[in-house]
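Participant: Sending over coords-v5.txt (compact mmCIF, C-alpha atoms).
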# COMPACT_ATOMS: atom_id res chain seq x y z
CA MET M 1 0.00 0.00 0.00
CA ASN M 2 1.37 3.41 -0.98
CA ALA M 3 2.26 5.81 1.81
CA PRO M 4 -0.25 8.62 2.21
CA PHE M 5 0.67 12.16 1.09
CA PRO M 6 1.91 14.26 4.02
CA ALA M 7 -0.81 16.41 5.52
CA GLN M 8 -0.56 20.05 4.48
CA ASP M 9 0.40 22.39 7.29
CA ALA M 10 -2.80 24.26 8.02
CA ALA M 11 -0.78 27.15 9.47
CA ALA M 12 1.26 27.61 6.30
CA LYS M 13 0.11 30.62 4.31
CA PRO M 14 0.37 30.64 0.51
CA LEU M 15 2.96 33.12 -0.77
CA LEU M 16 1.40 36.25 -2.17
CA PRO M 17 2.25 36.92 -5.83
CA LEU M 18 4.79 39.64 -6.62
CA GLU M 19 5.36 40.78 -10.18
CA VAL M 20 8.97 41.89 -10.63
CA LEU M 21 9.69 44.18 -13.57
CA ILE M 22 13.39 43.82 -14.34
CA ALA M 23 14.96 46.65 -16.31
CA ALA M 24 17.11 45.99 -19.36
CA PRO M 25 19.78 47.08 -19.83
CA ARG M 26 21.08 46.93 -16.26
CA GLY M 27 24.32 46.09 -14.49
CA PHE M 28 27.79 45.97 -16.01
CA CYS M 29 28.60 48.29 -18.90
CA ALA M 30 31.46 47.84 -21.36
CA GLY M 31 33.75 50.15 -19.39
CA VAL M 32 33.25 48.18 -16.17
CA ASP M 33 33.74 44.84 -17.94
CA ARG M 34 36.99 46.17 -19.39
CA ALA M 35 38.26 47.58 -16.07
CA ILE M 36 37.66 44.32 -14.19
CA GLU M 37 39.31 42.29 -16.96
CA ILE M 38 42.31 44.64 -16.86
CA VAL M 39 42.89 43.87 -13.17
CA GLU M 40 42.42 40.14 -13.73
CA ARG M 41 44.81 40.10 -16.69
CA ALA M 42 47.35 42.18 -14.79
CA LEU M 43 47.26 39.57 -12.02
CA GLU M 44 47.84 36.83 -14.61
CA LYS M 45 50.69 38.69 -16.29
CA TYR M 46 52.52 40.16 -13.29
CA GLY M 47 51.37 37.86 -10.48
CA ALA M 48 49.92 38.94 -7.16
CA PRO M 49 49.88 41.43 -5.70
CA VAL M 50 48.73 44.03 -8.21
CA TYR M 51 47.93 47.41 -6.70
CA VAL M 52 44.87 49.40 -7.78
CA ARG M 53 44.63 53.13 -7.16
CA HIS M 54 41.10 53.74 -5.82
CA GLU M 55 38.22 51.30 -6.27
CA ILE M 56 38.48 49.95 -9.81
CA VAL M 57 34.70 50.45 -10.01
CA HIS M 58 32.25 51.52 -7.31
CA ASN M 59 31.01 48.15 -6.10
CA LYS M 60 32.10 46.43 -2.88
CA PHE M 61 31.28 42.94 -4.18
CA VAL M 62 33.54 43.46 -7.21
CA VAL M 63 36.33 45.00 -5.16
CA ASP M 64 36.22 42.21 -2.57
CA SER M 65 36.31 39.51 -5.26
CA LEU M 66 39.41 41.12 -6.82
CA LYS M 67 41.04 41.36 -3.38
CA GLN M 68 40.61 37.61 -3.04
CA LYS M 69 42.49 37.17 -6.32
CA GLY M 70 45.43 39.28 -5.14
CA ALA M 71 44.54 42.92 -5.85
CA ILE M 72 45.45 45.50 -3.22
CA PHE M 73 43.48 48.75 -3.27
CA VAL M 74 45.15 51.99 -2.23
CA GLU M 75 44.26 55.67 -2.32
CA GLU M 76 47.53 57.13 -3.58
CA LEU M 77 50.67 56.03 -5.41
CA ASP M 78 52.90 56.60 -2.38
CA GLU M 79 51.28 53.48 -0.89
CA VAL M 80 52.57 51.35 -3.79
CA PRO M 81 56.04 49.73 -3.59
CA GLU M 82 58.50 50.80 -6.27
CA ASP M 83 58.62 47.40 -7.97
CA ALA M 84 54.88 46.62 -7.92
CA PRO M 85 52.48 47.04 -10.87
CA VAL M 86 49.56 49.45 -10.39
CA VAL M 87 46.23 49.89 -12.19
CA PHE M 88 44.38 53.20 -12.40
CA SER M 89 40.61 53.00 -11.88
CA ALA M 90 37.91 53.24 -14.55
CA HIS M 91 36.99 56.76 -13.38
CA GLY M 92 40.19 58.29 -14.71
CA VAL M 93 43.01 60.13 -12.95
CA PRO M 94 44.58 63.61 -13.10
CA LYS M 95 47.64 63.93 -15.33
CA THR M 96 49.82 64.21 -12.24
CA VAL M 97 49.20 60.54 -11.39
CA PRO M 98 50.75 58.86 -14.48
CA ALA M 99 53.45 61.55 -14.43
CA GLU M 100 54.38 60.51 -10.89
CA ALA M 101 54.29 56.81 -11.89
CA GLU M 102 56.67 57.51 -14.76
CA ARG M 103 58.96 59.56 -12.53
CA ARG M 104 59.23 56.52 -10.24
CA ASN M 105 59.66 54.13 -13.22
CA MET M 106 56.57 52.20 -12.13
CA VAL M 107 54.75 49.64 -14.24
CA TYR M 108 51.20 50.92 -14.58
CA VAL M 109 48.07 50.13 -16.58
CA ASP M 110 45.36 52.72 -17.16
CA ALA M 111 41.84 51.26 -16.86
CA THR M 112 40.10 54.61 -17.50
CA CYS M 113 36.85 54.03 -19.37
CA PRO M 114 37.34 55.04 -23.03
CA LEU M 115 34.28 57.28 -22.81
CA VAL M 116 35.86 59.15 -19.89
CA SER M 117 39.12 59.36 -21.85
CA LYS M 118 37.13 60.96 -24.67
CA VAL M 119 36.04 63.73 -22.29
CA HIS M 120 39.68 64.20 -21.26
CA ARG M 121 40.70 64.70 -24.91
CA GLN M 122 37.83 67.14 -25.44
CA ALA M 123 39.01 69.15 -22.43
CA GLU M 124 42.53 69.35 -23.84
CA ARG M 125 41.23 70.54 -27.23
CA GLN M 126 39.03 73.21 -25.63
CA ILE M 127 41.99 74.52 -23.64
CA GLU M 128 44.13 74.58 -26.81
CA LYS M 129 41.46 76.82 -28.37
CA GLY M 130 41.76 79.24 -25.46
CA GLN M 131 38.37 78.41 -23.97
CA HIS M 132 37.51 78.31 -20.28
CA ILE M 133 35.69 75.07 -19.46
CA LEU M 134 32.52 74.92 -17.39
CA PHE M 135 32.44 71.31 -16.21
CA ILE M 136 29.09 69.87 -15.12
CA GLY M 137 29.59 67.27 -12.41
CA HIS M 138 29.58 66.37 -8.72
CA ALA M 139 32.36 67.74 -6.53
CA GLY M 140 34.67 65.10 -5.12
CA HIS M 141 33.69 62.32 -7.53
CA PRO M 142 36.81 60.54 -8.87
CA GLU M 143 35.78 61.16 -12.48
CA VAL M 144 35.43 64.89 -11.82
CA ILE M 145 38.81 65.02 -10.07
CA GLY M 146 40.37 63.13 -12.98
CA THR M 147 38.86 65.33 -15.70
CA MET M 148 39.60 68.61 -13.96
CA GLY M 149 43.16 67.34 -13.52
CA GLN M 150 43.64 67.21 -17.30
CA VAL M 151 43.88 70.97 -17.70
CA PRO M 152 45.87 73.80 -16.07
CA GLU M 153 44.55 75.11 -12.79
CA GLY M 154 42.23 78.08 -13.20
CA ARG M 155 41.07 77.05 -16.68
CA ILE M 156 38.08 74.94 -15.60
CA THR M 157 35.13 75.69 -13.27
CA LEU M 158 32.85 73.08 -11.72
CA VAL M 159 29.09 73.55 -12.14
CA GLU M 160 26.89 71.29 -10.01
CA THR M 161 23.46 72.93 -10.05
CA LEU M 162 21.26 75.49 -11.77
CA ASP M 163 22.01 77.85 -8.88
CA ASP M 164 25.71 77.56 -9.74
CA VAL M 165 24.97 78.75 -13.28
CA ALA M 166 23.36 81.93 -11.94
CA GLU M 167 26.44 82.68 -9.81
CA LEU M 168 29.11 82.23 -12.49
CA PRO M 169 31.32 85.33 -12.85
CA PHE M 170 31.77 85.17 -16.64
CA THR M 171 30.36 87.53 -19.27
CA LYS M 172 28.97 87.11 -22.78
CA GLU M 173 32.36 88.22 -24.10
CA ASP M 174 34.29 85.35 -22.47
CA ASP M 175 35.39 82.39 -24.59
CA LEU M 176 33.56 79.50 -22.88
CA SER M 177 32.91 75.81 -23.45
CA TYR M 178 31.27 73.06 -21.42
CA LEU M 179 31.70 69.35 -20.76
CA SER M 180 30.07 66.95 -18.30
CA GLN M 181 30.68 63.95 -16.10
CA THR M 182 29.57 60.77 -17.90
CA THR M 183 27.33 59.39 -15.12
CA LEU M 184 24.94 62.27 -14.48
CA SER M 185 21.17 62.54 -14.67
CA VAL M 186 20.27 63.05 -18.32
CA ASP M 187 17.41 65.41 -17.42
CA ASP M 188 19.38 67.45 -14.86
CA THR M 189 22.32 67.86 -17.21
CA ARG M 190 20.07 68.95 -20.06
CA ALA M 191 18.54 71.62 -17.81
CA ILE M 192 21.97 72.93 -16.78
CA VAL M 193 23.19 73.01 -20.39
CA GLU M 194 20.09 74.96 -21.41
CA ALA M 195 20.71 77.43 -18.57
CA LEU M 196 24.35 77.84 -19.64
CA GLU M 197 23.36 78.41 -23.27
CA THR M 198 20.73 80.96 -22.24
CA ARG M 199 23.14 82.93 -20.07
CA TYR M 200 26.12 82.52 -22.40
CA PRO M 201 24.92 82.27 -26.03
CA GLN M 202 28.54 82.04 -27.19
CA ILE M 203 29.30 78.87 -25.19
CA VAL M 204 30.53 75.84 -27.16
CA GLY M 205 29.69 72.25 -26.27
CA PRO M 206 30.82 68.81 -27.45
CA LYS M 207 29.40 67.45 -30.72
CA ALA M 208 27.60 64.73 -28.76
CA GLU M 209 26.60 64.70 -25.09
CA ASP M 210 29.20 63.40 -22.65
CA ILE M 211 26.79 61.29 -20.59
CA CYS M 212 27.67 57.75 -21.58
CA TYR M 213 25.38 55.35 -23.43
CA ALA M 214 25.15 53.04 -20.41
CA THR M 215 24.03 55.79 -18.04
CA SER M 216 21.44 57.04 -20.55
CA ASN M 217 20.15 53.54 -21.30
CA ARG M 218 19.78 52.57 -17.64
CA GLN M 219 17.90 55.76 -16.86
CA ALA M 220 15.62 55.20 -19.87
CA ALA M 221 14.94 51.64 -18.69
CA VAL M 222 13.95 52.86 -15.22
CA LYS M 223 11.58 55.38 -16.81
CA GLN M 224 9.90 52.49 -18.63
CA ILE M 225 9.29 50.39 -15.51
CA ALA M 226 8.82 53.00 -12.77
CA GLY M 227 5.32 54.00 -13.87
CA GLY M 228 4.08 50.43 -13.56
CA ALA M 229 5.80 49.67 -10.26
CA ASP M 230 4.66 50.32 -6.70
CA PHE M 231 8.26 50.31 -5.47
CA LEU M 232 11.69 50.08 -7.08
CA LEU M 233 15.01 48.60 -5.97
CA VAL M 234 18.34 49.74 -7.41
CA ILE M 235 21.35 47.53 -6.79
CA GLY M 236 24.46 49.65 -6.50
CA ALA M 237 26.96 51.29 -4.17
CA PRO M 238 26.21 54.46 -2.21
CA ASN M 239 29.23 56.13 -3.86
CA SER M 240 28.13 55.08 -7.37
CA SER M 241 26.93 58.18 -9.21
CA ASN M 242 25.07 56.32 -11.94
CA SER M 243 23.26 54.12 -9.37
CA LEU M 244 22.14 57.11 -7.30
CA ARG M 245 20.77 58.74 -10.44
CA LEU M 246 18.57 55.67 -11.07
CA VAL M 247 16.95 56.14 -7.65
CA GLU M 248 16.34 59.80 -8.47
CA VAL M 249 14.79 58.98 -11.85
CA ALA M 250 12.24 56.67 -10.22
CA GLU M 251 11.41 59.10 -7.43
CA ARG M 252 10.82 61.93 -9.87
CA LEU M 253 8.24 59.74 -11.57
CA GLY M 254 6.48 59.29 -8.24
CA THR M 255 7.75 55.79 -7.45
CA GLU M 256 9.46 55.19 -4.11
CA ALA M 257 12.91 53.69 -4.63
CA ARG M 258 15.73 52.36 -2.47
CA LEU M 259 19.42 51.77 -3.18
CA ILE M 260 20.79 48.46 -1.87
CA GLN M 261 24.16 46.78 -2.21
CA ARG M 262 23.05 43.22 -1.47
CA ALA M 263 19.82 41.26 -1.03
CA SER M 264 20.45 41.09 2.72
CA GLU M 265 19.70 44.84 2.96
CA ILE M 266 16.09 44.45 1.82
CA ASP M 267 13.57 45.14 4.55
CA PRO M 268 10.50 42.89 4.05
CA ALA M 269 8.36 45.79 5.33
CA TRP M 270 9.15 47.62 2.09
CA LEU M 271 7.04 45.05 0.24
CA GLU M 272 3.87 45.61 2.25
CA GLY M 273 1.15 46.60 -0.18
CA VAL M 274 3.49 46.16 -3.15
CA GLY M 275 2.04 44.09 -5.99
CA THR M 276 4.58 45.14 -8.64
CA LEU M 277 8.25 45.75 -7.91
CA GLY M 278 10.76 47.37 -10.25
CA LEU M 279 14.35 46.09 -10.19
CA THR M 280 17.51 47.38 -11.81
CA ALA M 281 21.27 47.58 -11.19
CA GLY M 282 23.84 50.29 -11.66
CA ALA M 283 26.64 49.94 -14.20
CA SER M 284 29.09 48.55 -11.61
CA ALA M 285 26.79 45.84 -10.21
CA PRO M 286 27.19 42.25 -11.49
CA GLU M 287 24.17 40.25 -12.68
CA MET M 288 24.61 37.69 -9.92
CA LEU M 289 23.50 40.36 -7.42
CA VAL M 290 20.27 40.77 -9.41
CA ARG M 291 19.66 37.02 -9.20
CA GLU M 292 20.48 37.11 -5.48
CA VAL M 293 17.79 39.77 -4.96
CA VAL M 294 15.20 37.81 -6.96
CA ALA M 295 15.97 34.70 -4.91
CA LYS M 296 15.55 36.65 -1.65
CA LEU M 297 12.22 38.07 -2.83
CA GLY M 298 11.15 34.50 -3.62
CA GLU M 299 11.54 33.59 0.06
CA TRP M 300 8.73 36.00 0.93
CA ARG M 301 6.53 36.12 -2.16
CA ASP M 302 5.58 34.12 -5.25
CA VAL M 303 7.80 35.98 -7.72
CA ARG M 304 6.80 36.36 -11.35
CA GLU M 305 9.54 37.99 -13.40
CA ARG M 306 9.12 40.15 -16.49
CA THR M 307 11.98 41.87 -18.31
CA ILE M 308 11.30 45.29 -19.81
CA THR M 309 13.86 46.21 -22.48
CA ALA M 310 14.60 49.84 -23.31
CA ALA M 311 17.70 49.30 -25.48
CA GLU M 312 20.13 46.66 -26.72
CA GLU M 313 23.79 47.09 -25.80
CA LYS M 314 26.59 45.57 -27.87
CA MET M 315 29.45 47.92 -26.98
CA VAL M 316 32.84 46.30 -26.34
CA PHE M 317 36.06 48.17 -25.54
CA LYS M 318 39.54 46.95 -26.41
CA LEU M 319 42.05 46.17 -23.69
CA PRO M 320 45.22 48.24 -23.29
CA ARG M 321 47.98 47.12 -25.62
CA GLU M 322 50.16 45.77 -22.81
CA LEU M 323 47.43 43.30 -21.73
CA ALA M 324 45.86 42.37 -25.05
CA ASP M 325 46.37 38.84 -26.38
How does the structure come out when it is put into structure tokens?
Facilitator:
Amino acid sequence: MNAPFPAQDAAAKPLLPLEVLIAAPRGFCAGVDRAIEIVERALEKYGAPVYVRHEIVHNKFVVDSLKQKGAIFVEELDEVPEDAPVVFSAHGVPKTVPAEAERRNMVYVDATCPLVSKVHRQAERQIEKGQHILFIGHAGHPEVIGTMGQVPEGRITLVETLDDVAELPFTKEDDLSYLSQTTLSVDDTRAIVEALETRYPQIVGPKAEDICYATSNRQAAVKQIAGGADFLLVIGAPNSSNSLRLVEVAERLGTEARLIQRASEIDPAWLEGVGTLGLTAGASAPEMLVREVVAKLGEWRDVRERTITAAEEKMVFKLPRELAD
């Protein structure tokens, strides 16, 4: 005689359904993929340890995984031994950093994202033309420090807000140009550019906007899912500019959003009354963290996933010559 089926626990409650709208594109961009591969290949070529000046990308999970492979992260070059190889982060560095490395005859590899390097070249060209640069960005961000460090002191002015535009000391006779950080809010940057062009009709900008394709695409994807979501989670680091902008995009559309680094940070109380959840990840967050979050949600609710695609990304950047096959 067959054994009877186990009696169902009368106290067990069925999991409530939760529709999860997952944004695409999300997570790693081509510049982050390239930067991580540069550190991994440097470890293969030179052996551990390989030093990295600043976080290679703004994500603790990525940084910790590279530490386990033999990378040592430092803030400045004076923390790096003379005979050790060093990698510069994807955010870019001021010209003084490679100059110091060369002065010390150090082996170094520059992992600056090619799209950030493009902004550096634009800055140099604008200075060569005698223009003063108004740089739109966030004070203290490594990319801003790196870009402002490409030009002589006093030839570039940081602009963070619309209020900053109103307080600029320049006139309509001054030879001005503008550039921007690559990971800003598309809408905020557009508003600041319009304000600059209104106040200074003579100002010259880049042929194409400096905000990178990955930042623009991830913000567009959030715009597509935020309207249909009761709540939105963004996976990213608190010092990740592009991740913070994704939270802002959702909130401006009226959808409450939270930034988390790992699934363990999710408070189940956030899901009370939530039938549809939006989910995305900043450009430095690996896809496995997205799957980790979905799995955690599945412990509390009956998750039904749906991917909403705003754009297809096929961008690939070449490795530096010294590490290419």
Participant: Pick from M:Ala226, M:Val50, M:Val293, M:Val204: nearest to Ala71 of chain M, with only C-alpha atoms counted?
Facilitator: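 The answer is M:Val50, which sits nearest to Ala71 of chain M.
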Participant: Enumerate, as a tab-separated table (two decimals) with C-alpha atoms, in the frame of the given file, the protein, DNA and RNA residues whose atoms approach (34.2, 66.3, -22.5) to within 8 Å, taking into account only C-alpha atoms and the coordinate frame of the file.
Facilitator:
chain	number	residue	atom	x	y	z
M	116	VAL	CA	35.86	59.15	-19.89
M	118	LYS	CA	37.13	60.96	-24.67
M	119	VAL	CA	36.04	63.73	-22.29
M	120	HIS	CA	39.68	64.20	-21.26
M	121	ARG	CA	40.70	64.70	-24.91
M	122	GLN	CA	37.83	67.14	-25.44
M	123	ALA	CA	39.01	69.15	-22.43
M	178	TYR	CA	31.27	73.06	-21.42
M	179	LEU	CA	31.70	69.35	-20.76
M	180	SER	CA	30.07	66.95	-18.30
M	181	GLN	CA	30.68	63.95	-16.10
M	206	PRO	CA	30.82	68.81	-27.45
M	210	ASP	CA	29.20	63.40	-22.65
Participant: Please identify all polymer residues within 10 Å of Gly228 of chain M, counting only C-alpha atoms, omitting same-chain residues fewer than 5 positions from it, and present them as a short mmCIF file (atom, residue, chain, number, x, y, z; two decimals) with C-alpha atoms, in the coordinates of the input.
Facilitator:
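around_0.cif, written as the output of this step:
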data_model
loop_
_atom_site.label_atom_id
_atom_site.label_comp_id
_atom_site.auth_asym_id
_atom_site.auth_seq_id
_atom_site.Cartn_x
_atom_site.Cartn_y
_atom_site.Cartn_z
CA LEU M 21 9.69 44.18 -13.57
CA LYS M 223 11.58 55.38 -16.81
CA THR M 255 7.75 55.79 -7.45
CA THR M 276 4.58 45.14 -8.64
CA LEU M 277 8.25 45.75 -7.91
CA GLY M 278 10.76 47.37 -10.25
#
Participant: For Ala221 of chain M, which of M:Phe135, M:Trp270, M:Ala310, M:Ala84 is the closest residue, counting only C-alpha atoms?
Facilitator: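 Smallest separation from Ala221 of chain M among the options: M:Ala310.
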Participant: Tell me, as a list in words, which residues lie within 10 Å of Ile36 of chain M, counting all atoms listed in the file; anything in the same chain fewer than 3 positions away does not count.
Facilitator: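 Result of the neighbour search: Gly31, Val32, Asp33, Val39, Glu40, Arg41, Ala42, Ile56, Val57, Val62, Val63, Leu66, Ser89, Ala90, Ala111 and Ser284 of chain M.
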Participant: Quick one: pull the distance between atom CA of Ser177 of chain M and atom CA of His132 of chain M, Å, one decimal.
Facilitator: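 So the two atoms, atom CA of Ser177 of chain M and atom CA of His132 of chain M, lie 6.1 Å apart.
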Participant: Just the residues within 6 Å of segment 257-263 of chain M, please, counting all atoms listed in the file, with nothing from its chain fewer than 4 positions along; format it as an MDAnalysis selection string.
Facilitator: chainID M and resid 231:237 247 293
Participant: Which neighbours of Arg34 of chain M fall inside 8 Å, counting all atoms listed in the file, when residues of the same chain fewer than 6 positions from it are skipped, and could you give them as a VMD selection string?
Facilitator: chain M and resid 111 113 317 to 319
Participant: Considering only C-alpha atoms, state which residue in the set M:Glu305, M:Glu79, M:Glu209, M:Glu322 is at the smallest distance from Ile22 of chain M.
Facilitator: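 Comparing M:Glu305, M:Glu79, M:Glu209, M:Glu322 against Ile22 of chain M, the winner is M:Glu305.
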Participant: Mind completing segment 181-212 of chain M with N, CA and C atoms? Output as a compact mmCIF listing (two decimals), in the coordinates of the input, please?
Facilitator:
# COMPACT_ATOMS: atom_id res chain seq x y z
N GLN M 181 30.42 65.29 -16.64
CA GLN M 181 30.68 63.95 -16.10
C GLN M 181 29.81 62.96 -16.87
N THR M 182 30.29 61.73 -17.04
CA THR M 182 29.57 60.77 -17.90
C THR M 182 28.42 60.06 -17.20
N THR M 183 28.31 60.19 -15.86
CA THR M 183 27.33 59.39 -15.12
C THR M 183 26.24 60.24 -14.46
N LEU M 184 25.92 61.36 -15.05
CA LEU M 184 24.94 62.27 -14.48
C LEU M 184 23.51 61.94 -14.90
N SER M 185 22.56 62.60 -14.25
CA SER M 185 21.17 62.54 -14.67
C SER M 185 21.04 63.20 -16.03
N VAL M 186 20.45 62.49 -16.98
CA VAL M 186 20.27 63.05 -18.32
C VAL M 186 19.42 64.32 -18.25
N ASP M 187 18.33 64.27 -17.49
CA ASP M 187 17.41 65.41 -17.42
C ASP M 187 18.04 66.60 -16.71
N ASP M 188 18.73 66.36 -15.59
CA ASP M 188 19.38 67.45 -14.86
C ASP M 188 20.44 68.13 -15.71
N THR M 189 21.24 67.31 -16.40
CA THR M 189 22.32 67.86 -17.21
C THR M 189 21.76 68.69 -18.36
N ARG M 190 20.69 68.20 -18.97
CA ARG M 190 20.07 68.95 -20.06
C ARG M 190 19.59 70.32 -19.57
N ALA M 191 19.03 70.36 -18.37
CA ALA M 191 18.54 71.62 -17.81
C ALA M 191 19.69 72.59 -17.55
N ILE M 192 20.81 72.06 -17.05
CA ILE M 192 21.97 72.93 -16.78
C ILE M 192 22.57 73.44 -18.08
N VAL M 193 22.66 72.58 -19.09
CA VAL M 193 23.19 73.01 -20.39
C VAL M 193 22.31 74.11 -20.97
N GLU M 194 21.00 73.94 -20.89
CA GLU M 194 20.09 74.96 -21.41
C GLU M 194 20.27 76.28 -20.68
N ALA M 195 20.49 76.21 -19.35
CA ALA M 195 20.71 77.43 -18.57
C ALA M 195 22.03 78.10 -18.97
N LEU M 196 23.06 77.30 -19.21
CA LEU M 196 24.35 77.84 -19.64
C LEU M 196 24.22 78.52 -21.01
N GLU M 197 23.51 77.86 -21.93
CA GLU M 197 23.36 78.41 -23.27
C GLU M 197 22.51 79.68 -23.27
N THR M 198 21.55 79.76 -22.35
CA THR M 198 20.73 80.96 -22.24
C THR M 198 21.54 82.13 -21.70
N ARG M 199 22.35 81.85 -20.67
CA ARG M 199 23.14 82.93 -20.07
C ARG M 199 24.34 83.31 -20.92
N TYR M 200 24.93 82.29 -21.58
CA TYR M 200 26.12 82.52 -22.40
C TYR M 200 25.88 81.98 -23.81
N PRO M 201 25.25 82.75 -24.68
CA PRO M 201 24.92 82.27 -26.03
C PRO M 201 26.15 81.83 -26.84
N GLN M 202 27.32 82.35 -26.45
CA GLN M 202 28.54 82.04 -27.19
C GLN M 202 29.17 80.71 -26.77
N ILE M 203 28.64 80.07 -25.74
CA ILE M 203 29.30 78.87 -25.19
C ILE M 203 29.29 77.73 -26.21
N VAL M 204 30.37 76.95 -26.21
CA VAL M 204 30.53 75.84 -27.16
C VAL M 204 30.50 74.53 -26.39
N GLY M 205 29.76 73.57 -26.91
CA GLY M 205 29.69 72.25 -26.27
C GLY M 205 30.26 71.17 -27.16
N PRO M 206 30.34 69.94 -26.64
CA PRO M 206 30.82 68.81 -27.45
C PRO M 206 29.82 68.48 -28.55
N LYS M 207 30.28 67.82 -29.60
CA LYS M 207 29.40 67.45 -30.72
C LYS M 207 28.29 66.51 -30.27
N ALA M 208 28.60 65.64 -29.33
CA ALA M 208 27.60 64.73 -28.76
C ALA M 208 27.69 64.83 -27.24
N GLU M 209 26.59 64.56 -26.55
CA GLU M 209 26.60 64.70 -25.09
C GLU M 209 27.62 63.76 -24.47
N ASP M 210 28.17 64.18 -23.33
CA ASP M 210 29.20 63.40 -22.65
C ASP M 210 28.64 62.27 -21.79
N ILE M 211 27.37 62.36 -21.39
CA ILE M 211 26.79 61.29 -20.59
C ILE M 211 26.84 60.00 -21.39
N CYS M 212 27.38 58.95 -20.80
CA CYS M 212 27.67 57.75 -21.58
C CYS M 212 26.40 56.97 -21.91
